$ cat target.tsv   # TSV, C-alpha atoms and all ligand atoms
chain	number	residue	atom	x	y	z
A	1	MET	CA	-26.23	60.59	-57.02
A	2	LEU	CA	-29.51	59.47	-55.50
A	3	ASP	CA	-29.59	58.33	-51.88
A	4	LEU	CA	-32.04	55.44	-51.64
A	5	HIS	CA	-32.30	55.29	-47.85
A	6	CYS	CA	-32.12	58.25	-45.48
A	7	HIS	CA	-33.86	59.29	-42.25
A	8	ILE	CA	-34.05	62.96	-43.18
A	9	LEU	CA	-37.67	63.75	-42.30
A	10	PRO	CA	-37.73	65.77	-39.06
A	11	GLY	CA	-39.14	64.28	-35.87
A	12	LEU	CA	-40.69	61.16	-37.39
A	13	ASP	CA	-38.26	58.52	-36.12
A	14	ASP	CA	-34.74	58.26	-34.66
A	15	GLY	CA	-33.33	60.26	-37.59
A	16	ALA	CA	-33.30	64.06	-37.90
A	17	PRO	CA	-34.78	65.36	-34.63
A	18	ASP	CA	-35.85	68.70	-36.10
A	19	GLU	CA	-35.96	70.75	-39.29
A	20	ALA	CA	-32.57	72.37	-38.65
A	21	VAL	CA	-30.88	68.96	-38.70
A	22	SER	CA	-32.91	67.92	-41.80
A	23	LEU	CA	-31.67	71.02	-43.62
A	24	ALA	CA	-28.07	70.42	-42.49
A	25	MET	CA	-28.36	66.84	-43.79
A	26	ALA	CA	-29.78	68.10	-47.09
A	27	ALA	CA	-26.95	70.62	-47.49
A	28	MET	CA	-24.31	68.02	-46.62
A	29	ALA	CA	-25.74	65.51	-49.11
A	30	ALA	CA	-26.00	68.11	-51.87
A	31	ASP	CA	-22.41	69.24	-51.22
A	32	SER	CA	-21.24	65.67	-51.79
A	33	GLY	CA	-23.05	65.38	-55.12
A	34	VAL	CA	-26.42	63.95	-54.10
A	35	THR	CA	-29.32	65.36	-56.14
A	36	HIS	CA	-32.20	63.27	-54.74
A	37	ILE	CA	-32.88	61.71	-51.35
A	38	PHE	CA	-35.56	59.12	-50.78
A	39	ALA	CA	-36.91	60.09	-47.36
A	40	THR	CA	-37.36	56.73	-45.66
A	41	PRO	CA	-38.58	57.03	-42.06
A	42	HIS	CA	-38.89	53.82	-40.06
A	43	CYS	CA	-42.34	52.33	-40.58
A	44	ASN	CA	-44.33	49.62	-38.80
A	45	THR	CA	-41.99	49.59	-35.79
A	46	HIS	CA	-43.05	49.47	-32.15
A	47	SER	CA	-42.47	53.20	-31.78
A	48	GLU	CA	-45.30	55.66	-31.41
A	49	GLN	CA	-45.03	56.99	-34.95
A	50	LYS	CA	-45.80	54.18	-37.36
A	51	ASN	CA	-45.37	56.21	-40.57
A	52	TYR	CA	-47.93	54.32	-42.62
A	53	ARG	CA	-49.26	55.91	-45.80
A	54	SER	CA	-51.21	58.98	-44.71
A	55	ALA	CA	-51.96	62.56	-45.66
A	56	SER	CA	-49.73	63.79	-42.83
A	57	LEU	CA	-46.76	61.71	-44.02
A	58	ILE	CA	-47.20	63.01	-47.57
A	59	GLU	CA	-47.33	66.53	-46.17
A	60	ALA	CA	-44.07	65.82	-44.29
A	61	TYR	CA	-42.18	65.10	-47.56
A	62	ARG	CA	-43.69	68.21	-49.17
A	63	SER	CA	-43.04	70.46	-46.23
A	64	LEU	CA	-39.37	69.46	-46.06
A	65	GLN	CA	-39.06	70.04	-49.81
A	66	ARG	CA	-40.44	73.56	-49.37
A	67	ARG	CA	-37.89	74.32	-46.64
A	68	ILE	CA	-35.06	72.89	-48.76
A	69	ASP	CA	-36.16	75.05	-51.69
A	70	GLU	CA	-36.40	78.14	-49.47
A	71	ALA	CA	-32.88	77.45	-48.21
A	72	GLY	CA	-31.65	77.30	-51.82
A	73	ILE	CA	-30.31	73.76	-51.47
A	74	PRO	CA	-30.32	71.92	-54.83
A	75	LEU	CA	-31.92	68.69	-53.63
A	76	LYS	CA	-35.16	66.83	-54.31
A	77	ILE	CA	-36.96	64.74	-51.69
A	78	LEU	CA	-38.61	61.56	-52.93
A	79	ALA	CA	-41.17	59.63	-50.89
A	80	GLY	CA	-40.38	56.36	-49.18
A	81	ALA	CA	-40.33	54.42	-45.94
A	82	GLU	CA	-38.20	51.71	-44.35
A	83	VAL	CA	-40.72	49.06	-43.45
A	84	LEU	CA	-39.95	46.70	-40.58
A	85	ALA	CA	-41.17	43.21	-41.46
A	86	ARG	CA	-42.75	42.34	-38.11
A	87	GLY	CA	-45.99	42.76	-36.18
A	88	SER	CA	-48.91	43.52	-38.47
A	89	PHE	CA	-46.66	43.41	-41.54
A	90	PHE	CA	-48.69	40.94	-43.64
A	91	ARG	CA	-52.04	42.63	-42.99
A	92	ARG	CA	-50.63	46.11	-43.56
A	93	LEU	CA	-48.91	44.96	-46.74
A	94	ALA	CA	-52.18	43.52	-48.11
A	95	GLU	CA	-53.98	46.74	-47.21
A	96	GLY	CA	-51.43	48.91	-49.06
A	97	ASP	CA	-50.40	50.86	-45.97
A	98	PHE	CA	-46.71	51.13	-46.84
A	99	MET	CA	-45.14	53.94	-48.86
A	100	THR	CA	-43.08	52.48	-51.67
A	101	LEU	CA	-40.01	54.26	-53.04
A	102	ASN	CA	-41.30	57.30	-54.96
A	103	GLY	CA	-44.60	55.48	-55.51
A	104	SER	CA	-42.85	52.77	-57.54
A	105	ARG	CA	-43.11	48.97	-57.31
A	106	TYR	CA	-40.03	48.98	-55.01
A	107	LEU	CA	-40.56	48.58	-51.26
A	108	LEU	CA	-37.68	49.16	-48.83
A	109	LEU	CA	-37.76	46.45	-46.16
A	110	GLU	CA	-35.79	45.91	-42.99
A	111	PHE	CA	-35.65	43.00	-40.58
A	112	TYR	CA	-34.59	42.59	-36.99
A	113	PHE	CA	-30.88	41.79	-36.95
A	114	ASP	CA	-31.51	38.33	-35.45
A	115	GLU	CA	-34.45	37.47	-37.73
A	116	ALA	CA	-34.80	33.87	-38.98
A	117	PRO	CA	-34.13	33.26	-42.69
A	118	ASP	CA	-37.38	31.30	-43.18
A	119	TYR	CA	-39.43	34.23	-41.91
A	120	MET	CA	-37.46	36.63	-44.12
A	121	GLU	CA	-38.22	34.48	-47.14
A	122	GLU	CA	-41.90	34.47	-46.21
A	123	CYS	CA	-41.89	38.28	-46.07
A	124	LEU	CA	-40.02	38.70	-49.36
A	125	SER	CA	-42.43	36.31	-51.10
A	126	ALA	CA	-45.43	38.16	-49.64
A	127	VAL	CA	-44.11	41.46	-51.04
A	128	GLU	CA	-43.71	39.85	-54.46
A	129	ALA	CA	-47.20	38.36	-54.28
A	130	GLU	CA	-48.48	41.95	-54.03
A	131	GLY	CA	-46.72	42.77	-57.30
A	132	LEU	CA	-43.94	44.68	-55.54
A	133	VAL	CA	-40.16	44.25	-55.61
A	134	PRO	CA	-38.42	44.05	-52.23
A	135	VAL	CA	-35.41	46.25	-51.65
A	136	VAL	CA	-33.59	44.68	-48.70
A	137	ALA	CA	-32.06	47.37	-46.49
A	138	HIS	CA	-28.55	46.57	-45.24
A	139	PRO	CA	-28.53	42.75	-45.65
A	140	GLU	CA	-24.94	42.78	-44.35
A	141	ARG	CA	-26.22	43.71	-40.87
A	142	TYR	CA	-28.43	40.63	-40.41
A	143	PHE	CA	-26.82	37.86	-38.40
A	144	CYS	CA	-28.07	35.05	-40.66
A	145	ILE	CA	-26.57	36.77	-43.72
A	146	GLN	CA	-23.30	37.34	-41.87
A	147	ASP	CA	-23.28	33.60	-41.16
A	148	ARG	CA	-24.42	32.61	-44.65
A	149	PRO	CA	-23.88	35.36	-47.24
A	150	ASP	CA	-25.03	32.89	-49.90
A	151	LEU	CA	-28.59	33.45	-48.72
A	152	ALA	CA	-28.45	37.08	-49.81
A	153	GLN	CA	-26.76	36.15	-53.03
A	154	VAL	CA	-29.68	33.84	-53.84
A	155	TRP	CA	-32.07	36.71	-53.07
A	156	ALA	CA	-30.23	38.90	-55.56
A	157	GLU	CA	-30.34	36.16	-58.18
A	158	ARG	CA	-34.11	36.01	-57.68
A	159	GLY	CA	-34.50	39.73	-58.35
A	160	ARG	CA	-34.57	41.03	-54.81
A	161	VAL	CA	-32.67	44.30	-54.60
A	162	LEU	CA	-29.83	44.40	-52.09
A	163	GLN	CA	-28.97	47.82	-50.62
A	164	LEU	CA	-25.74	48.08	-48.62
A	165	ASN	CA	-25.13	50.80	-46.05
A	166	LYS	CA	-22.32	53.27	-46.64
A	167	GLY	CA	-21.35	52.86	-42.97
A	168	SER	CA	-20.84	49.12	-43.35
A	169	LEU	CA	-18.25	49.63	-46.09
A	170	LEU	CA	-16.58	52.39	-44.08
A	171	GLY	CA	-16.22	50.00	-41.13
A	172	ASP	CA	-18.52	52.04	-38.87
A	173	LEU	CA	-21.00	49.21	-38.26
A	174	GLY	CA	-18.63	46.48	-37.13
A	175	GLU	CA	-16.27	44.00	-38.65
A	176	ARG	CA	-18.87	41.40	-39.53
A	177	ALA	CA	-21.00	43.95	-41.39
A	178	TYR	CA	-17.90	45.14	-43.26
A	179	ASP	CA	-16.80	41.62	-44.21
A	180	THR	CA	-20.29	40.67	-45.39
A	181	ALA	CA	-20.77	43.91	-47.33
A	182	ALA	CA	-17.38	43.50	-49.00
A	183	LEU	CA	-18.10	39.92	-49.96
A	184	LEU	CA	-21.54	40.71	-51.42
A	185	LEU	CA	-20.10	43.66	-53.34
A	186	ARG	CA	-17.25	41.58	-54.77
A	187	ARG	CA	-19.73	38.89	-55.80
A	188	GLU	CA	-21.76	41.55	-57.66
A	189	ALA	CA	-24.88	40.77	-55.64
A	190	VAL	CA	-25.37	44.41	-54.60
A	191	ALA	CA	-27.69	46.74	-56.53
A	192	ALA	CA	-27.28	49.96	-54.56
A	193	ILE	CA	-25.44	51.63	-51.69
A	194	ALA	CA	-27.20	54.24	-49.56
A	195	SER	CA	-26.33	56.43	-46.59
A	196	ASP	CA	-29.01	55.24	-44.14
A	197	ALA	CA	-28.13	58.57	-42.56
A	198	HIS	CA	-29.75	59.60	-39.29
A	199	HIS	CA	-27.95	62.89	-38.57
A	200	VAL	CA	-25.04	65.06	-39.70
A	201	ARG	CA	-22.77	64.16	-36.78
A	202	TYR	CA	-23.00	60.37	-37.00
A	203	ARG	CA	-24.30	58.11	-39.79
A	204	ASN	CA	-24.34	61.17	-42.02
A	205	PRO	CA	-25.39	61.60	-45.69
A	206	HIS	CA	-22.01	62.76	-47.10
A	207	MET	CA	-21.04	60.40	-49.91
A	208	GLY	CA	-17.40	61.53	-50.28
A	209	PRO	CA	-15.77	58.91	-48.04
A	210	LEU	CA	-17.81	56.15	-49.69
A	211	LEU	CA	-16.66	57.14	-53.18
A	212	GLN	CA	-13.07	57.17	-51.96
A	213	CYS	CA	-13.49	53.77	-50.31
A	214	LEU	CA	-14.97	52.25	-53.49
A	215	GLU	CA	-12.16	53.61	-55.60
A	216	GLN	CA	-9.43	52.37	-53.27
A	217	ARG	CA	-10.79	49.03	-52.07
A	218	PHE	CA	-13.38	47.95	-54.61
A	219	PRO	CA	-12.08	48.98	-58.01
A	220	ASN	CA	-14.46	46.57	-59.75
A	221	ALA	CA	-17.59	48.12	-58.20
A	222	ASP	CA	-19.31	50.69	-60.39
A	223	PRO	CA	-20.27	53.78	-58.33
A	224	VAL	CA	-22.33	55.21	-61.18
A	225	LEU	CA	-24.49	52.11	-61.27
A	226	LEU	CA	-24.71	51.69	-57.47
A	227	LEU	CA	-25.32	55.32	-56.57
A	228	ARG	CA	-27.02	56.81	-59.59
A	229	GLU	CA	-28.37	54.54	-62.30
A	230	THR	CA	-30.03	51.88	-60.15
A	231	PRO	CA	-31.69	54.32	-57.71
A	232	LEU	CA	-32.78	56.41	-60.71
A	233	ARG	CA	-34.40	53.37	-62.34
A	234	ILE	CA	-36.15	52.68	-59.03
A	235	ALA	CA	-37.37	56.29	-58.85
A	236	LYS	CA	-38.75	55.94	-62.37
A	237	ASP	CA	-40.35	52.55	-61.57
A	238	LEU	CA	-38.30	50.80	-64.26
A	239	SER	CA	-37.12	47.21	-63.99
A	240	LEU	CA	-33.48	46.66	-63.03
B	301	FE	FE	-32.61	52.96	-42.05

$ encode --input "target.tsv" --output "structure tokens"
Amino acid sequence: MLDLHCHILPGLDDGAPDEAVSLAMAAMAADSGVTHIFATPHCNTHSEQKNYRSASLIEAYRSLQRRIDEAGIPLKILAGAEVLARGSFFRRLAEGDFMTLNGSRYLLLEFYFDEAPDYMEECLSAVEAEGLVPVVAHPERYFCIQDRPDLAQVWAERGRVLQLNKGSLLGDLGERAYDTAALLLRREAVAAIASDAHHVRYRNPHMGPLLQCLEQRFPNADPVLLLRETPLRIAKDLSL
């Protein structure tokens, strides 16, 4: 499996606080059958560390890979970022300041939970105007999508990639997120499911419970497609 969305880089956001936790996350993911993790620190937020494209960010992916290799954990780190569509988003987008997923055309985007649908559409269109494909992180967590799941379904029909969070399907992120995730999955609007892990203790990168949940509750969902083939096509910059 490939995990499309994970806050595994140490000390760059509210994910892994240090290298020890990053390595524990890597080991946990690998134990559950994950071979590649896209390291996607929050980017363009109000926090001190903006995580725009930079030599130091690129060194952060490489440095973690070295430590993972030294620890003998069979896992590859791929570059990425989870870009918040707010603030200087449009200018930064035009200037190419965001790390796409493994350098591909795919850009992982997140919105504030209470964001307005018109603004979201504006952002998605702007990404496409740059020749990129938006990957919408956890659409099931946005209030407007919880109110009107059809909006996300239309996005998917227009080629926007919908990425659900493992925690939403496991019921860890509230009933509304679960209901919306389940509905989008049953309507086949979902392209991928990722851990969005921040630690090993909570919101962790172990994929076991997710696989069990898919098998028991969503027999029509294809875990190979959602957790391996689609993220692999993204990593290879292929169309979906
Ligand atoms: Fe995230």

$ residues_near_ligand --input "target.tsv" --ligand "ligand FE 301 (chain B)" --cutoff "7 Å" --atoms "only C-alpha atoms and all ligand atoms" --output "ChimeraX atom specification"
/A:5-7,42,82,196

$ closest_residue --input "target.tsv" --among "A:Ala126, A:Met1, A:Met28, A:Cys43" --to "Phe98 (chain A)" --atoms "only C-alpha atoms"
A:Cys43

$ closest_atom_pairs --input "target.tsv" --of "region 84-153 of chain A" --to "region 45-54 of chain A" --cutoff "8 Å" --atoms "all atoms listed in the file" --output "JSON lines"
{"residue": "A:Leu84", "atom": "CA", "partner": "A:Thr45", "partner_atom": "CA", "distance": 6.0}
{"residue": "A:Arg86", "atom": "CA", "partner": "A:Thr45", "partner_atom": "CA", "distance": 7.7}
{"residue": "A:Gly87", "atom": "CA", "partner": "A:Thr45", "partner_atom": "CA", "distance": 7.9}
{"residue": "A:Asp97", "atom": "CA", "partner": "A:Arg53", "partner_atom": "CA", "distance": 5.2}
{"residue": "A:Phe98", "atom": "CA", "partner": "A:Tyr52", "partner_atom": "CA", "distance": 5.4}
{"residue": "A:Met99", "atom": "CA", "partner": "A:Arg53", "partner_atom": "CA", "distance": 5.5}

$ residues_around --input "target.tsv" --residues "Gly103 (chain A)" --least-positions-apart "6" --cutoff "10 Å" --atoms "all atoms listed in the file" --output "PDB file with C-alpha atoms, keeping the file's coordinate frame"
ATOM      1  CA  LEU A  78     -38.610  61.560 -52.930  1.00  0.00           C
ATOM      2  CA  ALA A  79     -41.170  59.630 -50.890  1.00  0.00           C
ATOM      3  CA  GLY A  80     -40.380  56.360 -49.180  1.00  0.00           C
ATOM      4  CA  ILE A 234     -36.150  52.680 -59.030  1.00  0.00           C
ATOM      5  CA  ALA A 235     -37.370  56.290 -58.850  1.00  0.00           C
ATOM      6  CA  LYS A 236     -38.750  55.940 -62.370  1.00  0.00           C
ATOM      7  CA  ASP A 237     -40.350  52.550 -61.570  1.00  0.00           C
TER       8      ASP A 237
END

$ closest_residue --input "target.tsv" --among "A:Leu170, A:Arg176, A:His36, A:His198" --to "Cys213 (chain A)" --atoms "all atoms listed in the file"
A:Leu170

$ closest_residue --input "target.tsv" --among "A:Ala129, A:Ala24, A:Ala81, A:Leu124" --to "Trp155 (chain A)" --atoms "all atoms listed in the file"
A:Leu124

$ closest_residue --input "target.tsv" --among "A:Glu175, A:Glu140, A:Glu128, A:Glu19" --to "Arg160 (chain A)" --atoms "all atoms listed in the file"
A:Glu128

$ residues_around --input "target.tsv" --residues "Leu75 (chain A)" --least-positions-apart "2" --cutoff "12 Å" --atoms "only C-alpha atoms" --output "PDB file with C-alpha atoms, keeping the file's coordinate frame"
ATOM      1  CA  MET A   1     -26.230  60.590 -57.020  1.00  0.00           C
ATOM      2  CA  LEU A   2     -29.510  59.470 -55.500  1.00  0.00           C
ATOM      3  CA  ASP A   3     -29.590  58.330 -51.880  1.00  0.00           C
ATOM      4  CA  SER A  22     -32.910  67.920 -41.800  1.00  0.00           C
ATOM      5  CA  LEU A  23     -31.670  71.020 -43.620  1.00  0.00           C
ATOM      6  CA  ALA A  24     -28.070  70.420 -42.490  1.00  0.00           C
ATOM      7  CA  MET A  25     -28.360  66.840 -43.790  1.00  0.00           C
ATOM      8  CA  ALA A  26     -29.780  68.100 -47.090  1.00  0.00           C
ATOM      9  CA  ALA A  27     -26.950  70.620 -47.490  1.00  0.00           C
ATOM     10  CA  MET A  28     -24.310  68.020 -46.620  1.00  0.00           C
ATOM     11  CA  ALA A  29     -25.740  65.510 -49.110  1.00  0.00           C
ATOM     12  CA  ALA A  30     -26.000  68.110 -51.870  1.00  0.00           C
ATOM     13  CA  ASP A  31     -22.410  69.240 -51.220  1.00  0.00           C
ATOM     14  CA  SER A  32     -21.240  65.670 -51.790  1.00  0.00           C
ATOM     15  CA  GLY A  33     -23.050  65.380 -55.120  1.00  0.00           C
ATOM     16  CA  VAL A  34     -26.420  63.950 -54.100  1.00  0.00           C
ATOM     17  CA  THR A  35     -29.320  65.360 -56.140  1.00  0.00           C
ATOM     18  CA  HIS A  36     -32.200  63.270 -54.740  1.00  0.00           C
ATOM     19  CA  ILE A  37     -32.880  61.710 -51.350  1.00  0.00           C
ATOM     20  CA  PHE A  38     -35.560  59.120 -50.780  1.00  0.00           C
ATOM     21  CA  ALA A  39     -36.910  60.090 -47.360  1.00  0.00           C
ATOM     22  CA  LEU A  64     -39.370  69.460 -46.060  1.00  0.00           C
ATOM     23  CA  GLN A  65     -39.060  70.040 -49.810  1.00  0.00           C
ATOM     24  CA  ARG A  66     -40.440  73.560 -49.370  1.00  0.00           C
ATOM     25  CA  ARG A  67     -37.890  74.320 -46.640  1.00  0.00           C
ATOM     26  CA  ILE A  68     -35.060  72.890 -48.760  1.00  0.00           C
ATOM     27  CA  ASP A  69     -36.160  75.050 -51.690  1.00  0.00           C
ATOM     28  CA  GLU A  70     -36.400  78.140 -49.470  1.00  0.00           C
ATOM     29  CA  ALA A  71     -32.880  77.450 -48.210  1.00  0.00           C
ATOM     30  CA  GLY A  72     -31.650  77.300 -51.820  1.00  0.00           C
ATOM     31  CA  ILE A  73     -30.310  73.760 -51.470  1.00  0.00           C
ATOM     32  CA  ILE A  77     -36.960  64.740 -51.690  1.00  0.00           C
ATOM     33  CA  LEU A  78     -38.610  61.560 -52.930  1.00  0.00           C
TER      34      LEU A  78
END

$ closest_residue --input "target.tsv" --among "A:Ser239, A:Thr230, A:Asn220, A:Asn204" --to "Val21 (chain A)" --atoms "only C-alpha atoms"
A:Asn204

$ residues_around --input "target.tsv" --residues "Asp114 (chain A)" --least-positions-apart "4" --cutoff "10 Å" --atoms "only C-alpha atoms" --output "number ranges by chain"
A: 141-145

$ residues_around --input "target.tsv" --residues "Leu151 (chain A)" --least-positions-apart "3" --cutoff "12 Å" --atoms "all atoms listed in the file" --output "PDB file with C-alpha atoms, in the frame of the given file"
ATOM      1  CA  ALA A 116     -34.800  33.870 -38.980  1.00  0.00           C
ATOM      2  CA  PRO A 117     -34.130  33.260 -42.690  1.00  0.00           C
ATOM      3  CA  ASP A 118     -37.380  31.300 -43.180  1.00  0.00           C
ATOM      4  CA  MET A 120     -37.460  36.630 -44.120  1.00  0.00           C
ATOM      5  CA  GLU A 121     -38.220  34.480 -47.140  1.00  0.00           C
ATOM      6  CA  PRO A 139     -28.530  42.750 -45.650  1.00  0.00           C
ATOM      7  CA  GLU A 140     -24.940  42.780 -44.350  1.00  0.00           C
ATOM      8  CA  TYR A 142     -28.430  40.630 -40.410  1.00  0.00           C
ATOM      9  CA  PHE A 143     -26.820  37.860 -38.400  1.00  0.00           C
ATOM     10  CA  CYS A 144     -28.070  35.050 -40.660  1.00  0.00           C
ATOM     11  CA  ILE A 145     -26.570  36.770 -43.720  1.00  0.00           C
ATOM     12  CA  GLN A 146     -23.300  37.340 -41.870  1.00  0.00           C
ATOM     13  CA  ASP A 147     -23.280  33.600 -41.160  1.00  0.00           C
ATOM     14  CA  ARG A 148     -24.420  32.610 -44.650  1.00  0.00           C
ATOM     15  CA  VAL A 154     -29.680  33.840 -53.840  1.00  0.00           C
ATOM     16  CA  TRP A 155     -32.070  36.710 -53.070  1.00  0.00           C
ATOM     17  CA  ALA A 156     -30.230  38.900 -55.560  1.00  0.00           C
ATOM     18  CA  GLU A 157     -30.340  36.160 -58.180  1.00  0.00           C
ATOM     19  CA  ARG A 158     -34.110  36.010 -57.680  1.00  0.00           C
ATOM     20  CA  ARG A 160     -34.570  41.030 -54.810  1.00  0.00           C
ATOM     21  CA  LEU A 162     -29.830  44.400 -52.090  1.00  0.00           C
ATOM     22  CA  THR A 180     -20.290  40.670 -45.390  1.00  0.00           C
ATOM     23  CA  LEU A 184     -21.540  40.710 -51.420  1.00  0.00           C
ATOM     24  CA  ALA A 189     -24.880  40.770 -55.640  1.00  0.00           C
TER      25      ALA A 189
END

$ atom_distance --input "target.tsv" --atom1 "CA of Leu227 (chain A)" --atom2 "CA of Leu183 (chain A)"
18.2 Å

$ atom_distance --input "target.tsv" --atom1 "CA of Leu12 (chain A)" --atom2 "CA of Ser56 (chain A)"
10.9 Å

$ atom_distance --input "target.tsv" --atom1 "CA of Asp172 (chain A)" --atom2 "CA of Ala197 (chain A)"
12.2 Å

$ residues_around --input "target.tsv" --residues "Val127 (chain A)" --least-positions-apart "5" --cutoff "12 Å" --atoms "only C-alpha atoms" --output "PyMOL selection string"
chain A and resi 83+85+89-96+98+100+105-109+120-122+132-136+160

$ closest_residue --input "target.tsv" --among "A:His138, A:Ala192, A:Asp150, A:Tyr202" --to "Pro223 (chain A)" --atoms "all atoms listed in the file"
A:Ala192
